[in-house]
Amino acid sequence: MKSLRTLICVALICSWTLLCSWSASADSLRLLTDLKYDLNRSHKTDKYTLLETDSEQRNFSQIYNLEIQKEIFPTLKLNTSGLFDQNNSKNSSTDPTVSDGNSVENALRTSVDLQLTTPLLRAATGYRKSEVKRSLLSAVTTRNFTESYSTDLHWTPVELPRVDLVFARDLVYNLPRTNDQKTDTYQLRSKYSYQDYQFSYDHTTADALNKISEFKTLLNSDTGSVRLGRSFQQGRVSLNSSLRAARQQVDFTGIGERLVPPASNGVVIGRLDDASPATSNPEAGFVLSSIDLLVDSLLAARQLSFGLDFGTPTALDRLQVKFADLGSHTSNEFPWQIYIRDTETENWSLVSGVQQSTSLAGNAFDLKFLSIKTRYIKVVTTQQVQVGENLQITDLVPRRSLPPNSSTFSSMDWSGDLSTTWKMTDKTSTGYDLLYRERSSEPLGEKSSLVNAGVRLSHIFSKVFVGNTRLQHTEGWENGKTSSIDDTFSVALAARYLDTFNQNLTYSFSQLTDADSHTSDSHAVFLRNNLDLYKGWSMYLDNGYSLQHPADSSDIDTFFLRVGSNIIPNSWMNYTLSYGASWVHGGDKAEAHDQDGRLIATWVPTAAISLSADLSFTDKSGEIHESTAEQKYFVNWSPFRDGTLFISLTYGRTQNTDDKKIWTFSPSLHWQLNRKTLLTLEYLKGETEDQSEIVAFENFSLGIRVFY
């Protein structure tokens, strides 16, 4: 503690020295002070034993941040920053099984960057260090350190190849010494454009050493590609083609887990609200950065999902959920489920035996399971309540384990693709797509190849009707034997009868044959209707039907319906309504009927006041019957014209068929005292009740932020 205080004092003295000497010449100077006090109390009553316990947690956090940017020369800039973050918590409880005590977490982060910028050459070098000291109740005080050194050089000549050189050294260690890792990364990138051709090359060497176990991993990878894009006959015919080759070799020395990337890293998919993970589909435009696993209230907590689409069935046995900073959070704070499926038209299957662990050194949660081969995989979890904290996901990394005695892993992957488009007339266009990919790896002795060919046709029948059709054939081989054959066909007709009414009708068919010659197919029809009834009144109606013939079970037919409307009767009222239902019959499971509905009403009587209500319900029947009803009410008031003072009131109530009830009431105040000072005051009171206990809680939060 004494050494940390000394370090803080030295940092502050240096900061003020820099302020005094650079105040007249610094190009950019930013100061931030963020202070926050939280008080959380709860009263728990056990319904069976009538035992009552009281708990209280007090937390005071303070953040001081300094950023300075100095232009030494017109082409040379120096950036420095320092941050001190302290969280002090005190816990007390009348429960004899819970220990009382204090916990303190201090974080000190510093960085220095030097940047050179010229028209021909850009270069930068930097250093970053982070120290996090945790004293948790009666546990041993721990210190976690990360250091990073980086240097990069970018050469961008005219009509010559662009060259990028990057070096980085990352050190991760702690006290008491249980982790000590060093990773050196060297990277060479080059790009060159010549007429209609684009050439690229990328080499990476990563040398990782665990100094405690003496386990070493050496990665060497090379990737090269050539791309051609050309058009003919005044742009009516276009041709795009590319060749890509990638080689990777990983050498292992010592005792440790042999983890390597799978055949594909996949594309991110997910849903921010995934109440029915077995039947749901990913959201369009989903990004991982939109997920925060921590929320401020139980009413805001949602079950969500995030995952990967590998494009083709891919073998893996681990997922790493990465974060910018885990802090003191662990994976056992959250429930974890993993679902997989091979086609878009089938339901998801639950993966059993998932093991979870926390990697503090890697700021990641590790989800481990038996080796599976799938095209789609997703992780389902539920947000947890932690007032005033964030835990955002930065990456989802798939991995595959090698046998423990493996010393080397190597893979070769190359692919070629061709895409042509021909605009035959002003109303008709057609196209052809071809992809071939081949991959081999050792010591697994795997060799796989894939051919994908497809044709597409688009035609404008009239000002009202537009049609599109697509036929695609995919065939895969593994070790010389056919592993899968997938044929898909789809046809769509879009009709715009009026400016206020349009329809989209789609039919799709798919047939999948596996390595054992088992065939499954599916048919699906989908119709969307969009209608603007009057000015301020719009409506949509979606309905569809699918029939699946699985190879290993009886037929499954699904029908769904969704209707919604938005009504704006005047400038101060707004109503949004939606209702959806689905029926699933057949298969090896009981008949299921799911439905949900929602009503959002907003009233804005003046420019300073708004009131809204959000009512919703879900009902699921089948193997699991579950119903939930939820209601939320909001009042927002901004009494000043400049909007510097904002007051809000929120009330919510939720109840489900498991006899779980939640209600909360939360007033809050946000006041911009001046251009540089923000005051926040929040209060939350509520109660949760289930079959076993009743928990009454209240939270109080006061914060002030000053920036310059």
# chains A, B, ... in the order shown; residues from 1 in each chain; ligands from 1
>>> residues_around(residues="segment 660-675 of chain A", least_positions_apart="3", cutoff="7 Å", atoms="only C-alpha atoms", output="PyMOL selection string")
chain A and resi 644-656+678-690
>>> closest_residue(among="A:Leu293, A:Ile72, A:Ala301, A:Val563", to="Gln115 of chain A", atoms="only C-alpha atoms")
A:Ile72
>>> residues_around(residues="Arg30 of chain A", least_positions_apart="2", cutoff="8 Å", atoms="only C-alpha atoms", output="list in words")
Ser28, Leu32, Asn65, Leu66, Glu67, Ile68, Phe707 and Tyr708 of chain A
>>> write_last_selection(atoms="C-alpha atoms", output="PDB file, in the first residue's frame")
ATOM      1  CA  SER A  28      -4.377  19.211 -26.288  1.00  0.00           C
ATOM      2  CA  LEU A  32     -11.240  14.048 -15.922  1.00  0.00           C
ATOM      3  CA  ASN A  65      -7.506  10.714 -15.909  1.00  0.00           C
ATOM      4  CA  LEU A  66      -4.969  12.977 -17.633  1.00  0.00           C
ATOM      5  CA  GLU A  67      -4.284  13.097 -21.397  1.00  0.00           C
ATOM      6  CA  ILE A  68      -1.695  15.354 -23.059  1.00  0.00           C
ATOM      7  CA  PHE A 707     -13.744  17.355 -17.058  1.00  0.00           C
ATOM      8  CA  TYR A 708     -11.514  19.976 -18.600  1.00  0.00           C
TER       9      TYR A 708
END
>>> residues_around(residues="segment 581-597 of chain A", least_positions_apart="4", cutoff="12 Å", atoms="only C-alpha atoms", output="PyMOL selection string")
chain A and resi 275-276+278-280+346-347+541-565+576-577+614-631
>>> residues_around(residues="Gln249 of chain A", least_positions_apart="2", cutoff="12 Å", atoms="only C-alpha atoms", output="JSON, numbers by chain")
{"A": [203, 204, 205, 206, 207, 217, 218, 219, 220, 221, 222, 246, 247, 251, 252, 260, 261, 407, 408, 409, 410, 411, 412, 413, 440, 441, 442, 443]}
>>> write_last_selection(atoms="C-alpha atoms", output="PDB file, in the first residue's frame")
ATOM      1  CA  HIS A 203       3.180 -12.702 -42.793  1.00  0.00           C
ATOM      2  CA  THR A 204       2.834 -13.102 -39.022  1.00  0.00           C
ATOM      3  CA  THR A 205       5.165 -14.619 -36.445  1.00  0.00           C
ATOM      4  CA  ALA A 206       3.931 -14.906 -32.856  1.00  0.00           C
ATOM      5  CA  ASP A 207       6.255 -16.292 -30.175  1.00  0.00           C
ATOM      6  CA  THR A 217       4.049 -21.695 -28.756  1.00  0.00           C
ATOM      7  CA  LEU A 218       5.564 -20.455 -32.029  1.00  0.00           C
ATOM      8  CA  LEU A 219       3.143 -19.448 -34.798  1.00  0.00           C
ATOM      9  CA  ASN A 220       4.139 -18.689 -38.393  1.00  0.00           C
ATOM     10  CA  SER A 221       1.497 -17.836 -40.965  1.00  0.00           C
ATOM     11  CA  ASP A 222       1.562 -16.569 -44.544  1.00  0.00           C
ATOM     12  CA  ALA A 246      -2.843 -19.415 -46.607  1.00  0.00           C
ATOM     13  CA  ARG A 247      -0.214 -21.473 -44.774  1.00  0.00           C
ATOM     14  CA  ASP A 251       5.181 -25.439 -32.950  1.00  0.00           C
ATOM     15  CA  PHE A 252       4.650 -26.483 -29.307  1.00  0.00           C
ATOM     16  CA  VAL A 260      -5.261 -24.051 -32.710  1.00  0.00           C
ATOM     17  CA  PRO A 261      -7.748 -22.099 -34.858  1.00  0.00           C
ATOM     18  CA  SER A 407       4.610 -30.944 -31.268  1.00  0.00           C
ATOM     19  CA  THR A 408       3.602 -29.317 -34.556  1.00  0.00           C
ATOM     20  CA  PHE A 409       0.395 -28.283 -36.267  1.00  0.00           C
ATOM     21  CA  SER A 410       0.394 -27.206 -39.889  1.00  0.00           C
ATOM     22  CA  SER A 411      -2.366 -26.329 -42.310  1.00  0.00           C
ATOM     23  CA  MET A 412      -2.646 -25.281 -45.921  1.00  0.00           C
ATOM     24  CA  ASP A 413      -5.745 -23.527 -47.205  1.00  0.00           C
ATOM     25  CA  SER A 440      -5.379 -29.916 -45.299  1.00  0.00           C
ATOM     26  CA  SER A 441      -3.881 -30.154 -41.809  1.00  0.00           C
ATOM     27  CA  GLU A 442      -1.407 -32.260 -39.850  1.00  0.00           C
ATOM     28  CA  PRO A 443      -1.117 -34.141 -37.462  1.00  0.00           C
TER      29      PRO A 443
END
>>> select_by_dssp(residues="segment 539-571 of chain A", states="strand (DSSP E or B)", output="compact mmCIF listing (two decimals) with N, CA and C atoms, in the first residue's frame")
# COMPACT_ATOMS: atom_id res chain seq x y z
N MET A 539 -48.85 -0.45 -41.01
CA MET A 539 -49.12 -1.79 -40.51
C MET A 539 -48.31 -2.80 -41.32
N TYR A 540 -47.90 -3.90 -40.68
CA TYR A 540 -47.24 -4.99 -41.40
C TYR A 540 -47.82 -6.32 -40.93
N LEU A 541 -47.78 -7.28 -41.84
CA LEU A 541 -48.27 -8.62 -41.53
C LEU A 541 -47.30 -9.63 -42.14
N ASP A 542 -46.70 -10.46 -41.29
CA ASP A 542 -45.79 -11.52 -41.74
C ASP A 542 -46.42 -12.86 -41.41
N ASN A 543 -46.40 -13.77 -42.37
CA ASN A 543 -46.85 -15.12 -42.08
C ASN A 543 -46.06 -16.09 -42.95
N GLY A 544 -45.87 -17.28 -42.43
CA GLY A 544 -45.07 -18.25 -43.16
C GLY A 544 -45.34 -19.66 -42.70
N TYR A 545 -44.89 -20.60 -43.53
CA TYR A 545 -45.07 -22.02 -43.23
C TYR A 545 -43.83 -22.77 -43.69
N SER A 546 -43.37 -23.71 -42.88
CA SER A 546 -42.22 -24.54 -43.27
C SER A 546 -42.52 -25.99 -42.95
N LEU A 547 -42.03 -26.87 -43.81
CA LEU A 547 -42.20 -28.31 -43.64
C LEU A 547 -40.82 -28.94 -43.75
N GLN A 548 -40.40 -29.64 -42.69
CA GLN A 548 -39.10 -30.28 -42.66
C GLN A 548 -39.26 -31.81 -42.66
N HIS A 549 -38.40 -32.46 -43.43
CA HIS A 549 -38.35 -33.93 -43.46
C HIS A 549 -36.97 -34.35 -42.97
N ILE A 556 -41.64 -32.35 -39.45
CA ILE A 556 -41.92 -31.21 -38.57
C ILE A 556 -42.50 -30.09 -39.43
N ASP A 557 -43.70 -29.61 -39.07
CA ASP A 557 -44.25 -28.47 -39.79
C ASP A 557 -44.45 -27.31 -38.82
N THR A 558 -44.14 -26.12 -39.30
CA THR A 558 -44.18 -24.92 -38.47
C THR A 558 -44.96 -23.83 -39.20
N PHE A 559 -45.84 -23.18 -38.48
CA PHE A 559 -46.57 -22.04 -39.02
C PHE A 559 -46.39 -20.88 -38.07
N PHE A 560 -46.12 -19.69 -38.62
CA PHE A 560 -45.96 -18.53 -37.75
C PHE A 560 -46.69 -17.33 -38.36
N LEU A 561 -47.03 -16.42 -37.46
CA LEU A 561 -47.76 -15.22 -37.83
C LEU A 561 -47.28 -14.07 -36.97
N ARG A 562 -47.04 -12.92 -37.57
CA ARG A 562 -46.67 -11.73 -36.81
C ARG A 562 -47.31 -10.51 -37.46
N VAL A 563 -47.96 -9.70 -36.62
CA VAL A 563 -48.62 -8.50 -37.10
C VAL A 563 -48.22 -7.34 -36.21
N GLY A 564 -48.05 -6.19 -36.80
CA GLY A 564 -47.64 -5.01 -36.03
C GLY A 564 -48.18 -3.75 -36.67
N SER A 565 -48.28 -2.71 -35.87
CA SER A 565 -48.81 -1.45 -36.36
C SER A 565 -48.22 -0.29 -35.59
N ASN A 566 -48.04 0.82 -36.28
CA ASN A 566 -47.59 2.06 -35.66
C ASN A 566 -48.61 3.14 -35.96
N ILE A 567 -49.13 3.76 -34.90
CA ILE A 567 -50.19 4.75 -35.04
C ILE A 567 -49.72 6.06 -34.42
N ILE A 568 -49.75 7.13 -35.22
CA ILE A 568 -49.38 8.47 -34.74
C ILE A 568 -50.58 9.38 -35.02
N PRO A 569 -51.54 9.44 -34.10
CA PRO A 569 -52.75 10.23 -34.37
C PRO A 569 -52.50 11.73 -34.41
N ASN A 570 -51.50 12.19 -33.68
CA ASN A 570 -51.17 13.61 -33.67
C ASN A 570 -49.71 13.76 -33.28
>>> atom_distance(atom1="atom CA of Ser99 of chain A", atom2="atom CA of Glu131 of chain A")
27.1 Å
>>> residues_around(residues="segment 471-473 of chain A", least_positions_apart="5", cutoff="10 Å", atoms="only C-alpha atoms", output="list in words")
Tyr432, Asp433, Leu434, Val451, Asn452, Ala453, Gly454, Val455, Arg456, Leu457, Ile485, Asp486, Asp487, Thr488, Phe489, Ser490, Val491, Ser508, Phe509, Ser510 and Gln511 of chain A
>>> write_last_selection(atoms="C-alpha atoms", output="PDB file, in the first residue's frame")
ATOM      1  CA  TYR A 432     -23.060 -17.072 -62.027  1.00  0.00           C
ATOM      2  CA  ASP A 433     -20.957 -17.777 -58.918  1.00  0.00           C
ATOM      3  CA  LEU A 434     -18.305 -20.444 -58.418  1.00  0.00           C
ATOM      4  CA  VAL A 451     -17.310 -26.728 -54.390  1.00  0.00           C
ATOM      5  CA  ASN A 452     -20.105 -24.187 -54.438  1.00  0.00           C
ATOM      6  CA  ALA A 453     -21.818 -23.204 -57.681  1.00  0.00           C
ATOM      7  CA  GLY A 454     -24.868 -21.042 -58.145  1.00  0.00           C
ATOM      8  CA  VAL A 455     -26.884 -19.148 -60.736  1.00  0.00           C
ATOM      9  CA  ARG A 456     -29.156 -16.169 -60.141  1.00  0.00           C
ATOM     10  CA  LEU A 457     -31.720 -14.347 -62.221  1.00  0.00           C
ATOM     11  CA  ILE A 485     -24.314 -32.461 -50.637  1.00  0.00           C
ATOM     12  CA  ASP A 486     -26.502 -29.399 -50.206  1.00  0.00           C
ATOM     13  CA  ASP A 487     -28.908 -28.117 -52.860  1.00  0.00           C
ATOM     14  CA  THR A 488     -30.969 -24.974 -52.344  1.00  0.00           C
ATOM     15  CA  PHE A 489     -33.471 -23.144 -54.489  1.00  0.00           C
ATOM     16  CA  SER A 490     -35.344 -19.925 -53.784  1.00  0.00           C
ATOM     17  CA  VAL A 491     -37.676 -17.684 -55.719  1.00  0.00           C
ATOM     18  CA  SER A 508     -37.283 -21.741 -50.567  1.00  0.00           C
ATOM     19  CA  PHE A 509     -36.277 -25.372 -50.780  1.00  0.00           C
ATOM     20  CA  SER A 510     -33.199 -27.121 -49.429  1.00  0.00           C
ATOM     21  CA  GLN A 511     -31.982 -30.697 -49.490  1.00  0.00           C
TER      22      GLN A 511
END
>>> atom_distance(atom1="atom CA of Leu76 of chain A", atom2="atom CA of Phe167 of chain A")
19.9 Å
>>> residues_around(residues="Gln69 of chain A", least_positions_apart="6", cutoff="7 Å", atoms="only C-alpha atoms", output="number ranges by chain")
A: 26-29, 78-80
>>> write_last_selection(atoms="N, CA and C atoms", output="compact mmCIF listing (two decimals), in the first residue's frame")
# COMPACT_ATOMS: atom_id res chain seq x y z
N ALA A 26 1.06 23.02 -24.90
CA ALA A 26 0.42 21.74 -25.20
C ALA A 26 -0.71 21.96 -26.19
N ASP A 27 -0.78 21.11 -27.21
CA ASP A 27 -1.83 21.25 -28.21
C ASP A 27 -3.17 20.74 -27.70
N SER A 28 -3.14 19.76 -26.83
CA SER A 28 -4.38 19.21 -26.29
C SER A 28 -4.13 18.74 -24.86
N LEU A 29 -5.01 19.15 -23.97
CA LEU A 29 -4.90 18.77 -22.56
C LEU A 29 -6.29 18.42 -22.05
N LEU A 78 3.59 13.74 -29.76
CA LEU A 78 3.77 12.94 -28.55
C LEU A 78 2.45 12.91 -27.79
N ASN A 79 1.98 11.71 -27.47
CA ASN A 79 0.75 11.52 -26.69
C ASN A 79 1.08 10.78 -25.40
N THR A 80 0.65 11.34 -24.28
CA THR A 80 0.84 10.69 -22.99
C THR A 80 -0.48 10.68 -22.23
>>> closest_residue(among="A:Glu478, A:Asp532, A:Asp325, A:Asp34", to="Phe84 of chain A", atoms="only C-alpha atoms")
A:Asp34
>>> atom_distance(atom1="atom CA of Val98 of chain A", atom2="atom CA of Phe334 of chain A")
20.4 Å
>>> decode(residues="segment 345-370 of chain A", atoms="C-alpha atoms", output="PDB file, in the first residue's frame")
ATOM      1  CA  THR A 345     -34.291 -23.803 -41.724  1.00  0.00           C
ATOM      2  CA  GLU A 346     -33.832 -26.252 -38.830  1.00  0.00           C
ATOM      3  CA  ASN A 347     -34.184 -25.662 -35.094  1.00  0.00           C
ATOM      4  CA  TRP A 348     -31.193 -25.301 -32.771  1.00  0.00           C
ATOM      5  CA  SER A 349     -29.924 -28.251 -30.692  1.00  0.00           C
ATOM      6  CA  LEU A 350     -28.572 -27.839 -27.152  1.00  0.00           C
ATOM      7  CA  VAL A 351     -24.971 -28.947 -26.514  1.00  0.00           C
ATOM      8  CA  SER A 352     -24.573 -30.819 -23.229  1.00  0.00           C
ATOM      9  CA  GLY A 353     -21.595 -30.953 -20.876  1.00  0.00           C
ATOM     10  CA  VAL A 354     -20.403 -27.351 -21.298  1.00  0.00           C
ATOM     11  CA  GLN A 355     -17.592 -26.443 -18.862  1.00  0.00           C
ATOM     12  CA  GLN A 356     -16.829 -22.796 -18.081  1.00  0.00           C
ATOM     13  CA  SER A 357     -13.732 -21.160 -16.597  1.00  0.00           C
ATOM     14  CA  THR A 358     -12.150 -17.720 -16.279  1.00  0.00           C
ATOM     15  CA  SER A 359      -8.839 -16.581 -17.781  1.00  0.00           C
ATOM     16  CA  LEU A 360      -7.844 -13.397 -15.943  1.00  0.00           C
ATOM     17  CA  ALA A 361      -4.614 -13.159 -17.926  1.00  0.00           C
ATOM     18  CA  GLY A 362      -6.500 -13.251 -21.229  1.00  0.00           C
ATOM     19  CA  ASN A 363      -9.533 -11.230 -20.032  1.00  0.00           C
ATOM     20  CA  ALA A 364     -11.726 -14.062 -21.274  1.00  0.00           C
ATOM     21  CA  PHE A 365     -14.316 -16.665 -20.310  1.00  0.00           C
ATOM     22  CA  ASP A 366     -13.500 -20.141 -21.690  1.00  0.00           C
ATOM     23  CA  LEU A 367     -16.390 -22.418 -22.685  1.00  0.00           C
ATOM     24  CA  LYS A 368     -15.213 -25.997 -23.248  1.00  0.00           C
ATOM     25  CA  PHE A 369     -17.232 -28.914 -24.645  1.00  0.00           C
ATOM     26  CA  LEU A 370     -16.781 -32.217 -26.483  1.00  0.00           C
TER      27      LEU A 370
END
